[in-house]
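**Q** Right, I'll just put the structure down here and ask away after.
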Amino acid sequence: MGKKKSQNPMHPPEDPKAGAPFPTGSRKPTPTELENAWGKTLPDILGPGCKILFSGINPGLYTAATANHFARPGNRFWPGIHQAGLTPRLYKPWEQNELPSLGMGITNLVPWATRSAQELTPEQISAGYTQIRQLIKQWQPDWLVVLGITTLRQAMGRKDIREGILNETWDSTRICVLPNPSGLNAHLTLSGFANSLRNIAIHAGLTLFNSKSFE
């Protein structure tokens with residue numbers, strides 16, 4: 001059995017950034033690559049004029065190992081934004097840099113990769129929250145869509161946060177909370193996720209590539 005990592009993502013490794021993205025997804029990361037991904041960070045996918053900035057909770061090891069957001073097989077993010085009409089075709093995780101041209105971006109509430117969000121400490125969550133508030137202030141996206149509620153409640157120190165559109169803004173950015181699209185989330189359906197995304201896209205004024213309803 002390999003030794004468990006002892007580093008704290010608040011004090012990341014000497015090279016905390018993930019490596020170059022896997023360009024084609026032709027192979028899965030090795031166990032060693034997954035282990036070495038612990039504590040890594042991914043660059044935000046973001047550009048001027050962002051209409052919707054999606055925020056994961058924090059990168060998983062598979063995502064950090066491949067340097068592609070929402071990369072783990074079974075994650076509903078990429079199928080969801082396609083079925084919602086936000087992309088002209090089903091993008092693969094390694095095509096993430098196409099999103100800014102469509103008015104979208106990706107970030108994380110907490111930047112450091114862990115095996116699960118349950119490994120995050122209150123200090124890490126607080127630090128990540130401070131960073132994302134600064135990011136919002138700098139880029140001023142129209143909407144921030146947080147994909148996962150529990151860690152956001154911890155970050156904001158508020159148990160009253162519910163899924164859906166929040167009755168508040170961060171600077172001028174409106175906030176929406178949707179379920180985590182992870183394949184491990186048994187309570188989420190792809191059709192329901194796509195409908196929620198489509199509704200936010202309409203609010204944000206994005207041009208949809210289809211108008212199909214998934215009810």
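Identifiers for the structure tokens are assigned positionally: chains receive A, B, ... in sequence, residues are indexed from 1 per chain, and ligands are indexed from 1 in the order shown.
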Need to verify the contact set: segment 164-180 of chain A, 6 Å, only C-alpha atoms, exclusion of same-chain residues closer than 5 positions in sequence. Can you return it as a ChimeraX atom specification?

**A** /A:141-148

**Q** Taking 3 positions as the minimum chain separation for residues in the same chain, which residues sit within 7 Å of Pro59 of chain A when counting only C-alpha atoms? Answer as a compact mmCIF listing (two decimals) with C-alpha atoms, in the first residue's frame.

**A**
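Written file, selection04.txt:
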```
# COMPACT_ATOMS: atom_id res chain seq x y z
CA THR A 63 -9.41 16.38 -13.23
CA ALA A 64 -6.11 17.64 -11.81
CA PRO A 111 -8.54 25.59 -6.17
CA TRP A 112 -6.65 22.64 -4.66
CA ALA A 113 -7.25 19.08 -5.84
CA THR A 114 -8.27 16.41 -3.32
```

**Q** Pick from A:Gly80, A:Trp38, A:Met104, A:Ala71: nearest to Ala204 of chain A, with only C-alpha atoms counted?

**A**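 Distance minimum relative to Ala204 of chain A lands on A:Met104.
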
**Q** Choose the residue, out of A:Gly85, A:Gly56, A:Gly47, A:Gly183, that has the smallest atom-to-atom separation from Ile149 of chain A; count only C-alpha atoms.

**A**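 Result for the nearest residue to Ile149 of chain A: A:Gly56.
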
**Q** What's around Leu184 of chain A at 12 Å? Count only C-alpha atoms, leave out sequence neighbours fewer than 4 positions away in its own chain, and write the answer as a PDB file with N, CA and C atoms, in the first residue's frame.

**A**
```
ATOM      1  N   ARG A  72     -13.560  13.707 -15.246  1.00  0.00           N
ATOM      2  CA  ARG A  72     -13.787  12.311 -14.878  1.00  0.00           C
ATOM      3  C   ARG A  72     -14.946  11.721 -15.671  1.00  0.00           C
ATOM      4  N   PRO A  73     -14.780  10.529 -16.260  1.00  0.00           N
ATOM      5  CA  PRO A  73     -15.882   9.896 -16.990  1.00  0.00           C
ATOM      6  C   PRO A  73     -17.127   9.768 -16.115  1.00  0.00           C
ATOM      7  N   GLY A  74     -18.264  10.083 -16.675  1.00  0.00           N
ATOM      8  CA  GLY A  74     -19.515  10.035 -15.929  1.00  0.00           C
ATOM      9  C   GLY A  74     -19.958  11.384 -15.410  1.00  0.00           C
ATOM     10  N   ASN A  75     -19.058  12.380 -15.401  1.00  0.00           N
ATOM     11  CA  ASN A  75     -19.471  13.714 -14.980  1.00  0.00           C
ATOM     12  C   ASN A  75     -20.456  14.282 -16.002  1.00  0.00           C
ATOM     13  N   ARG A  76     -21.505  14.921 -15.518  1.00  0.00           N
ATOM     14  CA  ARG A  76     -22.583  15.381 -16.389  1.00  0.00           C
ATOM     15  C   ARG A  76     -22.385  16.800 -16.915  1.00  0.00           C
ATOM     16  N   SER A 116     -11.677  13.990  -2.462  1.00  0.00           N
ATOM     17  CA  SER A 116     -13.081  14.373  -2.348  1.00  0.00           C
ATOM     18  C   SER A 116     -13.150  15.704  -1.619  1.00  0.00           C
ATOM     19  N   PRO A 179     -26.962  21.544  -8.492  1.00  0.00           N
ATOM     20  CA  PRO A 179     -26.339  20.345  -7.923  1.00  0.00           C
ATOM     21  C   PRO A 179     -24.986  20.042  -8.556  1.00  0.00           C
ATOM     22  N   ASN A 180     -24.162  19.348  -7.816  1.00  0.00           N
ATOM     23  CA  ASN A 180     -22.882  18.870  -8.323  1.00  0.00           C
ATOM     24  C   ASN A 180     -23.131  17.888  -9.473  1.00  0.00           C
ATOM     25  N   LEU A 188     -29.190  13.490  -9.134  1.00  0.00           N
ATOM     26  CA  LEU A 188     -29.229  14.390 -10.277  1.00  0.00           C
ATOM     27  C   LEU A 188     -29.455  13.610 -11.567  1.00  0.00           C
ATOM     28  N   THR A 189     -30.378  14.089 -12.392  1.00  0.00           N
ATOM     29  CA  THR A 189     -30.564  13.515 -13.720  1.00  0.00           C
ATOM     30  C   THR A 189     -29.976  14.463 -14.756  1.00  0.00           C
TER      31      THR A 189
END
```

**Q** As a ChimeraX atom specification, which residues of chain A does DSSP assign to strand (DSSP E)?

**A** /A:52-56,104-108,143-147,164-170,173-178

**Q** Taking only segment 104-201 of chain A into account, list the residues labelled alpha helix (DSSP H) by DSSP (computed from the backbone), as an mmCIF file with N, CA and C atoms, in the first residue's frame.

**A**
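Now in out_23.cif:
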```
data_model
loop_
_atom_site.group_PDB
_atom_site.id
_atom_site.type_symbol
_atom_site.label_atom_id
_atom_site.label_comp_id
_atom_site.auth_asym_id
_atom_site.auth_seq_id
_atom_site.Cartn_x
_atom_site.Cartn_y
_atom_site.Cartn_z
ATOM 1 N N PRO A 122 -11.672 23.871 6.860
ATOM 2 C CA PRO A 122 -12.303 25.201 6.892
ATOM 3 C C PRO A 122 -11.370 26.304 6.402
ATOM 4 N N GLU A 123 -10.068 26.169 6.684
ATOM 5 C CA GLU A 123 -9.119 27.188 6.241
ATOM 6 C C GLU A 123 -9.001 27.221 4.718
ATOM 7 N N GLN A 124 -8.998 26.054 4.099
ATOM 8 C CA GLN A 124 -8.926 25.982 2.645
ATOM 9 C C GLN A 124 -10.189 26.556 2.006
ATOM 10 N N ILE A 125 -11.330 26.223 2.583
ATOM 11 C CA ILE A 125 -12.596 26.728 2.052
ATOM 12 C C ILE A 125 -12.649 28.247 2.174
ATOM 13 N N SER A 126 -12.205 28.773 3.302
ATOM 14 C CA SER A 126 -12.195 30.223 3.503
ATOM 15 C C SER A 126 -11.258 30.910 2.520
ATOM 16 N N ALA A 127 -10.072 30.327 2.324
ATOM 17 C CA ALA A 127 -9.111 30.904 1.379
ATOM 18 C C ALA A 127 -9.654 30.873 -0.041
ATOM 19 N N GLY A 128 -10.291 29.754 -0.418
ATOM 20 C CA GLY A 128 -10.861 29.652 -1.747
ATOM 21 C C GLY A 128 -11.980 30.656 -1.966
ATOM 22 N N TYR A 129 -12.805 30.852 -0.948
ATOM 23 C CA TYR A 129 -13.905 31.804 -1.045
ATOM 24 C C TYR A 129 -13.377 33.222 -1.269
ATOM 25 N N THR A 130 -12.322 33.568 -0.550
ATOM 26 C CA THR A 130 -11.711 34.882 -0.741
ATOM 27 C C THR A 130 -11.207 35.041 -2.168
ATOM 28 N N GLN A 131 -10.591 33.990 -2.702
ATOM 29 C CA GLN A 131 -10.048 34.052 -4.059
ATOM 30 C C GLN A 131 -11.145 34.187 -5.107
ATOM 31 N N ILE A 132 -12.229 33.434 -4.942
ATOM 32 C CA ILE A 132 -13.271 33.504 -5.969
ATOM 33 C C ILE A 132 -14.010 34.844 -5.917
ATOM 34 N N ARG A 133 -14.131 35.426 -4.733
ATOM 35 C CA ARG A 133 -14.733 36.757 -4.658
ATOM 36 C C ARG A 133 -13.862 37.783 -5.376
ATOM 37 N N GLN A 134 -12.546 37.639 -5.258
ATOM 38 C CA GLN A 134 -11.628 38.526 -5.971
ATOM 39 C C GLN A 134 -11.718 38.309 -7.476
ATOM 40 N N LEU A 135 -11.860 37.037 -7.880
ATOM 41 C CA LEU A 135 -11.988 36.711 -9.298
ATOM 42 C C LEU A 135 -13.246 37.344 -9.886
ATOM 43 N N ILE A 136 -14.344 37.251 -9.150
ATOM 44 C CA ILE A 136 -15.610 37.841 -9.601
ATOM 45 C C ILE A 136 -15.474 39.349 -9.732
ATOM 46 N N LYS A 137 -14.833 39.960 -8.776
ATOM 47 C CA LYS A 137 -14.652 41.416 -8.811
ATOM 48 C C LYS A 137 -13.815 41.835 -10.011
ATOM 49 N N GLN A 138 -12.808 41.024 -10.347
ATOM 50 C CA GLN A 138 -11.917 41.353 -11.457
ATOM 51 C C GLN A 138 -12.596 41.176 -12.815
ATOM 52 N N TRP A 139 -13.295 40.038 -13.013
ATOM 53 C CA TRP A 139 -13.825 39.701 -14.333
ATOM 54 C C TRP A 139 -15.282 40.088 -14.532
ATOM 55 N N THR A 150 -23.077 22.275 -0.509
ATOM 56 C CA THR A 150 -22.609 22.109 0.871
ATOM 57 C C THR A 150 -21.390 22.967 1.169
ATOM 58 N N THR A 151 -20.382 22.914 0.299
ATOM 59 C CA THR A 151 -19.168 23.688 0.538
ATOM 60 C C THR A 151 -19.431 25.176 0.418
ATOM 61 N N LEU A 152 -20.343 25.584 -0.465
ATOM 62 C CA LEU A 152 -20.698 26.997 -0.564
ATOM 63 C C LEU A 152 -21.324 27.485 0.744
ATOM 64 N N ARG A 153 -22.182 26.676 1.341
ATOM 65 C CA ARG A 153 -22.759 27.039 2.635
ATOM 66 C C ARG A 153 -21.661 27.240 3.674
ATOM 67 N N GLN A 154 -20.680 26.333 3.664
ATOM 68 C CA GLN A 154 -19.571 26.460 4.606
ATOM 69 C C GLN A 154 -18.775 27.727 4.328
ATOM 70 N N ALA A 155 -18.516 28.003 3.062
ATOM 71 C CA ALA A 155 -17.713 29.164 2.705
ATOM 72 C C ALA A 155 -18.394 30.466 3.112
ATOM 73 N N MET A 156 -19.703 30.527 2.932
ATOM 74 C CA MET A 156 -20.444 31.748 3.229
ATOM 75 C C MET A 156 -20.909 31.799 4.677
ATOM 76 N N LEU A 190 -29.522 13.916 -15.854
ATOM 77 C CA LEU A 190 -28.963 14.753 -16.906
ATOM 78 C C LEU A 190 -30.008 15.704 -17.468
ATOM 79 N N SER A 191 -31.236 15.219 -17.642
ATOM 80 C CA SER A 191 -32.289 16.076 -18.194
ATOM 81 C C SER A 191 -32.620 17.228 -17.256
ATOM 82 N N GLY A 192 -32.687 16.941 -15.964
ATOM 83 C CA GLY A 192 -32.968 18.001 -15.002
ATOM 84 C C GLY A 192 -31.852 19.023 -14.944
ATOM 85 N N PHE A 193 -30.624 18.548 -14.980
ATOM 86 C CA PHE A 193 -29.458 19.431 -14.971
ATOM 87 C C PHE A 193 -29.464 20.318 -16.221
ATOM 88 N N ALA A 194 -29.736 19.722 -17.382
ATOM 89 C CA ALA A 194 -29.759 20.481 -18.627
ATOM 90 C C ALA A 194 -30.845 21.548 -18.615
ATOM 91 N N ASN A 195 -32.017 21.227 -18.085
ATOM 92 C CA ASN A 195 -33.086 22.217 -18.013
ATOM 93 C C ASN A 195 -32.705 23.394 -17.131
ATOM 94 N N SER A 196 -32.056 23.107 -16.001
ATOM 95 C CA SER A 196 -31.624 24.184 -15.101
ATOM 96 C C SER A 196 -30.594 25.074 -15.789
ATOM 97 N N LEU A 197 -29.653 24.465 -16.488
ATOM 98 C CA LEU A 197 -28.638 25.231 -17.213
ATOM 99 C C LEU A 197 -29.267 26.088 -18.308
ATOM 100 N N ARG A 198 -30.242 25.507 -19.001
ATOM 101 C CA ARG A 198 -30.907 26.237 -20.077
ATOM 102 C C ARG A 198 -31.623 27.470 -19.534
ATOM 103 N N ASN A 199 -32.267 27.341 -18.386
ATOM 104 C CA ASN A 199 -32.965 28.479 -17.795
ATOM 105 C C ASN A 199 -31.997 29.601 -17.435
ATOM 106 N N ILE A 200 -30.832 29.246 -16.894
ATOM 107 C CA ILE A 200 -29.845 30.262 -16.554
ATOM 108 C C ILE A 200 -29.297 30.912 -17.812
ATOM 109 N N ALA A 201 -29.079 30.110 -18.864
ATOM 110 C CA ALA A 201 -28.586 30.663 -20.130
ATOM 111 C C ALA A 201 -29.565 31.688 -20.696
#
```

**Q** For the atom pair atom CA of Pro93 of chain A and atom CA of Arg162 of chain A, what is the interatomic distance in Å to one decimal place?

**A**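 Distance between the two atoms: 28.2 Å.
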
**Q** Please indicate the distance in Å from atom CA of Leu90 of chain A to atom CA of His203 of chain A, rounded to one decimal place.

**A** 22.1 Å

**Q** Would you compute the distance between atom CA of Ile161 of chain A and atom CA of Leu42 of chain A? Give it in Å to one decimal.

**A**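 Those two atoms sit 26.8 Å apart.
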
**Q** Counting only C-alpha atoms, which residue out of A:Asn108, A:Ser101, A:Thr32, A:Ser182 sits closest to Lys51 of chain A?

**A**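 Using only C-alpha atoms, the shortest distance to Lys51 of chain A belongs to A:Ser101.
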